[in-house]
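Asker: So that we are looking at the same thing, I have put the structure below in C-alpha cells.
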Amino acid sequence: MNAPSAATAASGDAAVSRQPGMLWIPGGTFRMGSDHHYPEETPAHRVTVDGFWMDAMPVTNAQFADFVRATGHVTFCELVPDAAQYPGALPEMLFAASPVFVAPPHRVPLQDHFQWWQFVAGANWRHPQGPGSTIEGMDQHPVVHVAWSDVQAYALWAGKSIATEAEWEFAARGGLDGADYAWGAEFAPGGQHQANTWQGEFPWRNLNEDGFAGTSPVGSFPANGWGLHDMIGNVWEWTSSWYAPRHPDEKVKACCIPVNPRGAREEQSFDPAMPQIRIGRKVMKGGSHLCAPNYCRRYRPAARMAQPVDTSTSHLGFRCVLRPAPA
C-alpha cells in the first residue's frame with residue numbers, strides 16, 4: 001500500500017479544524033505488531049483507530065519551557081522521592097535524579113545495562129547530562145527526563161492527550177501497513193539514514209554516520225507518509241497504554257480508545273490489569289538515538305518497551321494528540 005503524500009495528510013478532514021503544529025491522521029484498520037522481531041511485538045493483529053490530530057514533532061525543550069513558565073511545574077525527577085512510596089529503599093538512594101546514558105570507554109557485556117546507564121543526581125530536563133550540562137542552544141531538541149506525570153501535566157495544560165499505543169503505531173507507519181520501517185522495507189535506502197539511531201558497536205563506539213551522537217533537533221530527518229517527523233529514533237515516546245508482554249490474540253478485540261479521550265488526567269500510577277506490579281508501566285514506542293543493530297533493533301513502528309511511570313531517562317520524550325469531540 002502506498003503512503004499518502006504529506007500534503008494530503010496535512011490537509012486533514014474537512015470536518016475537523018486545523019490545529020497549529022499538528023497533522024490530521026485519518027482513521028483506518030492496520031496490522032499492528034510484528035511476528036518477525038521481538039516476542040513482545042507478537043502477535044500481529046488487526047486494529048482499527050479513529051482519526052485524530054497528532055503533533056508533527058516531539059515536544060521540544062522550548063515548548064516544555066513555555067509550559068513550566070506558565071504553570072510552575074516541577075518535574076518528577078527534580079523532586080526527592082517520598083520514602084513511603086519506596087519501602088525498603090536505602091535512604092542514601094532517595095535523591096532527585098534521573099538515568100543518563102554514559103558511553104563506556106570499551107566493549108562491555110550487553111547483559112548489564114548498568115554498564116552504560118547511570119543514576120545521576122541533578123539530571124533533569126534543563127540539565128540532561130547532569131549538573132553542569134545545559135540545554136542552551138537546544139531549544140528545538142526534544143525534551144527528555146520527563147516521567148508519566150510530567151507528560152500528563154503538559155498534555156492537560158495544552159488541552160491535548162497522549163496517544164494510545166495503537167494510535168501511535170498507526171501514525172508512525174504513515175500508511176505503509178506491514179512495512180518493517182516507517183519509510184519502507186529497507187533500513188537505510190540508498191545508504192541514507194532516515195532516523196537518528198546508533199551506528200557502530202553499542203554502547204561504546206558510535207560512528208555518528210547520521211550526523212548526531214545524541215538527540216537531534218526535531219525535523220532533522222525526512223517525514224513519514226503522514227508528514228510526521230521523528231516517529232522513529234531520536235527519543236522514545238510515551239503512550240497512554242499500559243504495557244503487557246504481548247499483544248492480544250486476533251480473536252480478542254484490541255482496545256484502542258482511551259478512557260479519557262479529551263485530555264482528562266489519569267490519577268492512578270498502577271496498572272489496574274496488573275495490580276501485582278506496584279509501579280505501573282506504560283508502553284513507549286519508536287526507539288531512540290541509542291538503538292543499534294547489535295543491541296536494540298527497535299527503530300520500527302511495531303517495536304515497543306515497558307516504561308515504569310515513575311521513571312524518566314535521557315532518551316525518552318513525548319508528543320501529544322487531539323481527538324475530535326464525539327458527534
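Chain labels run A, B, ... following the order of the C-alpha cells; each chain numbers its residues from 1, and ligands are numbered from 1 in the order shown.
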Stretch 15-257 of chain A: which residues are helix (DSSP H, G or I) by DSSP, as a PyMOL selection string?
Answerer: chain A and resi 39-41+61-71+76-78+83-85+91-93+113-115+148-158+165-173+189-191
Asker: Go ahead and save the picked residues with C-alpha atoms, as a compact mmCIF listing (two decimals), in the first residue's frame.
Answerer:
```
# COMPACT_ATOMS: atom_id res chain seq x y z
CA PRO A 39 8.49 -11.52 21.31
CA GLU A 40 6.65 -8.59 22.90
CA GLU A 41 5.59 -7.41 19.43
CA ASN A 61 12.74 21.97 25.15
CA ALA A 62 11.37 25.38 24.13
CA GLN A 63 7.76 24.18 24.28
CA PHE A 64 8.28 22.48 27.62
CA ALA A 65 9.94 25.62 28.98
CA ASP A 66 6.82 27.60 28.00
CA PHE A 67 4.73 25.11 29.96
CA VAL A 68 6.97 25.35 33.03
CA ARG A 69 6.93 29.16 32.94
CA ALA A 70 3.15 29.20 32.66
CA THR A 71 2.43 26.64 35.38
CA PHE A 76 9.13 14.21 38.83
CA CYS A 77 12.90 13.71 38.72
CA GLU A 78 13.51 17.15 40.28
CA ALA A 83 10.26 7.20 51.16
CA ALA A 84 6.73 5.92 51.80
CA GLN A 85 6.38 5.15 48.10
CA PRO A 91 17.84 6.48 52.48
CA GLU A 92 21.01 7.48 50.66
CA MET A 93 19.38 6.42 47.38
CA HIS A 113 22.72 -2.12 31.25
CA PHE A 114 24.31 -0.57 34.33
CA GLN A 115 27.49 -0.51 32.26
CA TRP A 148 4.48 9.96 33.06
CA SER A 149 3.14 12.58 35.50
CA ASP A 150 5.05 15.30 33.62
CA VAL A 151 3.68 14.15 30.29
CA GLN A 152 0.13 14.12 31.68
CA ALA A 153 0.55 17.60 33.15
CA TYR A 154 1.81 19.05 29.86
CA ALA A 155 -0.98 17.45 27.84
CA LEU A 156 -3.61 18.72 30.27
CA TRP A 157 -2.16 22.26 30.08
CA ALA A 158 -2.14 22.10 26.27
CA GLU A 165 -0.14 2.52 21.53
CA ALA A 166 -2.41 1.64 18.61
CA GLU A 167 -2.85 5.27 17.58
CA TRP A 168 0.88 5.89 17.86
CA GLU A 169 1.84 2.86 15.78
CA PHE A 170 -0.80 3.62 13.13
CA ALA A 171 0.57 7.17 12.85
CA ALA A 172 4.21 6.01 12.77
CA ARG A 173 3.53 3.68 9.87
CA PRO A 189 17.57 3.08 1.45
CA GLY A 190 20.33 4.18 -0.89
CA GLY A 191 22.66 4.42 2.12
```
Asker: What is the atom CA of A:Ala163-atom CA of A:Ser312 distance in Å, reported with one decimal?
Answerer: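 Rounded to one decimal, the two atoms are 18.1 Å apart.
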Asker: Using only C-alpha atoms, which of the listed residues (A:Gly286, A:Gly132, A:Pro275, A:Pro203) sits closest to A:Gln111?
Answerer: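 Of A:Gly286, A:Gly132, A:Pro275, A:Pro203, the one nearest A:Gln111, counting only C-alpha atoms, is A:Pro203.
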Asker: When you count only C-alpha atoms, which of these residues is closest to A:His229: A:Pro131, A:Gly21, A:Pro293, A:Gly137?
Answerer: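 Using only C-alpha atoms, the shortest distance to A:His229 belongs to A:Gly21.
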Asker: Residues near A:Ser216, anyone? I mean within 8 Å using only C-alpha atoms, not counting same-chain ones fewer than 3 positions away, as an MDAnalysis selection string.
Answerer: chainID A and resid 141:142 196 212 220 234
Asker: For atom CA of A:Arg281 and atom CA of A:Val146, quote the distance in Å rounded to one decimal.
Answerer: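 About the pair atom CA of A:Arg281 and atom CA of A:Val146: they are 14.3 Å apart.
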Asker: Using only C-alpha atoms, determine which residues lie at most 7 Å from A:His315, disregarding the query and same-chain residues fewer than 3 positions distant; provide the list as a ChimeraX atom specification.
Answerer: /A:144,235-236,288
Asker: Would you please work out which residue, of A:Pro105, A:Gly227, A:Gly159, A:Pro99, is nearest to A:Ala147 when using only C-alpha atoms?
Answerer: A:Pro99
Asker: What's the 10 Å shell around A:Arg205, counting only C-alpha atoms, without same-chain residues fewer than 5 positions away, as a compact mmCIF listing (two decimals) with C-alpha atoms, in the first residue's frame?
Answerer:
```
# COMPACT_ATOMS: atom_id res chain seq x y z
CA ALA A 103 29.14 5.56 26.99
CA PRO A 104 31.78 3.23 28.47
CA PRO A 105 35.33 3.57 27.10
CA HIS A 106 35.46 -0.01 25.83
CA ARG A 107 33.36 -3.04 24.94
CA TRP A 198 23.21 4.43 16.63
CA GLN A 199 25.79 3.43 14.02
CA GLY A 200 28.67 1.31 15.24
```
Asker: Find, counting only C-alpha atoms, the residue in A:Val59, A:Ala89, A:Ala213, A:Val218 that gets nearest to A:Phe101.
Answerer: A:Ala213
Asker: Which one of A:Asp139, A:Ser98, A:Val108, A:Arg298 sits closest to A:Ala195 if you count only C-alpha atoms?
Answerer: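 Looking at the shortest contact to A:Ala195, the residue is A:Arg298.
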Asker: Show me, as a list in words, the residues that have an atom within 9 Å of A:Val100 when counting only C-alpha atoms, minus same-chain residues fewer than 4 positions from it.
Answerer: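 Returned residues: Trp116, Trp117, Gln118, Phe119, Val120, Ala123, Pro128, Gln129, Gly130, His145, Thr313, Ser314 and His315 of chain A.
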Asker: Restricting it to N, CA and C atoms, dump the selection as a CSV table (one decimal), in the first residue's frame.
Answerer:
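Written file, result_33.csv:
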```csv
chain,number,residue,atom,x,y,z
A,116,TRP,N,26.2,1.2,31.1
A,116,TRP,CA,26.1,2.5,30.4
A,116,TRP,C,25.0,3.4,30.9
A,117,TRP,N,24.1,3.0,31.8
A,117,TRP,CA,23.2,3.8,32.4
A,117,TRP,C,23.6,4.2,33.9
A,118,GLN,N,23.6,5.5,34.2
A,118,GLN,CA,24.0,6.0,35.5
A,118,GLN,C,22.9,6.8,36.0
A,119,PHE,N,22.5,6.6,37.3
A,119,PHE,CA,21.5,7.4,38.0
A,119,PHE,C,22.2,8.6,38.5
A,120,VAL,N,22.0,9.8,37.8
A,120,VAL,CA,22.8,11.0,38.0
A,120,VAL,C,22.0,12.0,38.8
A,123,ALA,N,20.3,15.4,37.3
A,123,ALA,CA,19.9,15.3,35.9
A,123,ALA,C,18.5,15.6,35.8
A,128,PRO,N,20.3,17.8,31.0
A,128,PRO,CA,20.1,16.4,30.6
A,128,PRO,C,21.3,15.5,30.8
A,129,GLN,N,22.5,16.0,31.0
A,129,GLN,CA,23.6,15.1,31.4
A,129,GLN,C,24.0,15.2,32.8
A,130,GLY,N,23.2,16.0,33.6
A,130,GLY,CA,23.5,16.2,35.0
A,130,GLY,C,24.0,17.6,35.2
A,145,HIS,N,14.0,13.5,30.1
A,145,HIS,CA,13.9,13.4,31.6
A,145,HIS,C,12.4,13.8,32.0
A,313,THR,N,14.2,9.3,31.6
A,313,THR,CA,15.6,9.0,31.2
A,313,THR,C,16.0,10.1,30.2
A,314,SER,N,17.3,10.0,29.8
A,314,SER,CA,17.9,10.9,28.9
A,314,SER,C,17.5,10.7,27.4
A,315,HIS,N,16.7,9.6,27.2
A,315,HIS,CA,16.4,9.3,25.7
A,315,HIS,C,14.9,9.0,25.6
```
Asker: Figure out the distance between atom CA of A:Arg31 and atom CA of A:Ala244, please, to one decimal in Å.
Answerer: 17.9 Å
Asker: Would you mind writing down, as a list in words, each residue of stretch 144-270 of chain A that DSSP on the backbone assigns to strand (DSSP E or B)?
Answerer: Ser161, Tyr181, Gly184, Asn196, Gly233, Trp236, Glu237, Trp238, Thr239, Ser240, Ser241 and Trp242 of chain A
Asker: Go ahead and write the residues just picked, N, CA, C and O atoms, as an mmCIF file, in the first residue's frame.
Answerer:
```cif
data_model
loop_
_atom_site.group_PDB
_atom_site.id
_atom_site.type_symbol
_atom_site.label_atom_id
_atom_site.label_comp_id
_atom_site.auth_asym_id
_atom_site.auth_seq_id
_atom_site.Cartn_x
_atom_site.Cartn_y
_atom_site.Cartn_z
ATOM 1 N N SER A 161 -4.018 15.225 24.599
ATOM 2 C CA SER A 161 -3.893 13.918 25.231
ATOM 3 C C SER A 161 -2.612 13.251 24.745
ATOM 4 O O SER A 161 -1.888 13.808 23.915
ATOM 5 N N TYR A 181 9.786 -0.731 8.402
ATOM 6 C CA TYR A 181 10.187 0.606 8.841
ATOM 7 C C TYR A 181 9.131 1.641 8.464
ATOM 8 O O TYR A 181 8.263 1.378 7.629
ATOM 9 N N GLY A 184 9.558 2.242 4.722
ATOM 10 C CA GLY A 184 9.548 1.158 3.751
ATOM 11 C C GLY A 184 10.238 -0.088 4.233
ATOM 12 O O GLY A 184 10.302 -0.368 5.427
ATOM 13 N N ASN A 196 17.426 9.194 13.518
ATOM 14 C CA ASN A 196 18.568 9.331 14.401
ATOM 15 C C ASN A 196 18.703 8.073 15.247
ATOM 16 O O ASN A 196 17.991 7.898 16.242
ATOM 17 N N GLY A 233 13.400 6.769 16.136
ATOM 18 C CA GLY A 233 14.692 7.287 16.548
ATOM 19 C C GLY A 233 14.586 8.593 17.305
ATOM 20 O O GLY A 233 13.508 9.027 17.692
ATOM 21 N N TRP A 236 12.663 7.857 22.445
ATOM 22 C CA TRP A 236 11.456 7.063 22.660
ATOM 23 C C TRP A 236 10.315 8.019 23.023
ATOM 24 O O TRP A 236 10.556 9.127 23.511
ATOM 25 N N GLU A 237 9.073 7.565 22.840
ATOM 26 C CA GLU A 237 7.935 8.404 23.188
ATOM 27 C C GLU A 237 6.930 7.631 24.039
ATOM 28 O O GLU A 237 6.629 6.462 23.779
ATOM 29 N N TRP A 238 6.434 8.322 25.073
ATOM 30 C CA TRP A 238 5.394 7.754 25.933
ATOM 31 C C TRP A 238 4.108 7.534 25.137
ATOM 32 O O TRP A 238 3.764 8.330 24.267
ATOM 33 N N THR A 239 3.394 6.463 25.466
ATOM 34 C CA THR A 239 1.992 6.311 25.058
ATOM 35 C C THR A 239 1.155 6.167 26.324
ATOM 36 O O THR A 239 1.687 5.974 27.420
ATOM 37 N N SER A 240 -0.150 6.235 26.173
ATOM 38 C CA SER A 240 -1.037 6.142 27.338
ATOM 39 C C SER A 240 -1.414 4.707 27.677
ATOM 40 O O SER A 240 -2.108 4.465 28.665
ATOM 41 N N SER A 241 -0.972 3.740 26.887
ATOM 42 C CA SER A 241 -1.379 2.346 27.075
ATOM 43 C C SER A 241 -0.534 1.647 28.132
ATOM 44 O O SER A 241 0.693 1.779 28.152
ATOM 45 N N TRP A 242 -1.209 0.877 28.992
ATOM 46 C CA TRP A 242 -0.487 0.039 29.941
ATOM 47 C C TRP A 242 0.216 -1.076 29.186
ATOM 48 O O TRP A 242 -0.301 -1.586 28.185
#
```
Asker: A:Gly280, A:Gly122, A:Pro217, A:Gly51: which is nearest A:Leu23, counting only C-alpha atoms?
Answerer: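 The shortest atom-to-atom distance to A:Leu23 comes from A:Gly51.
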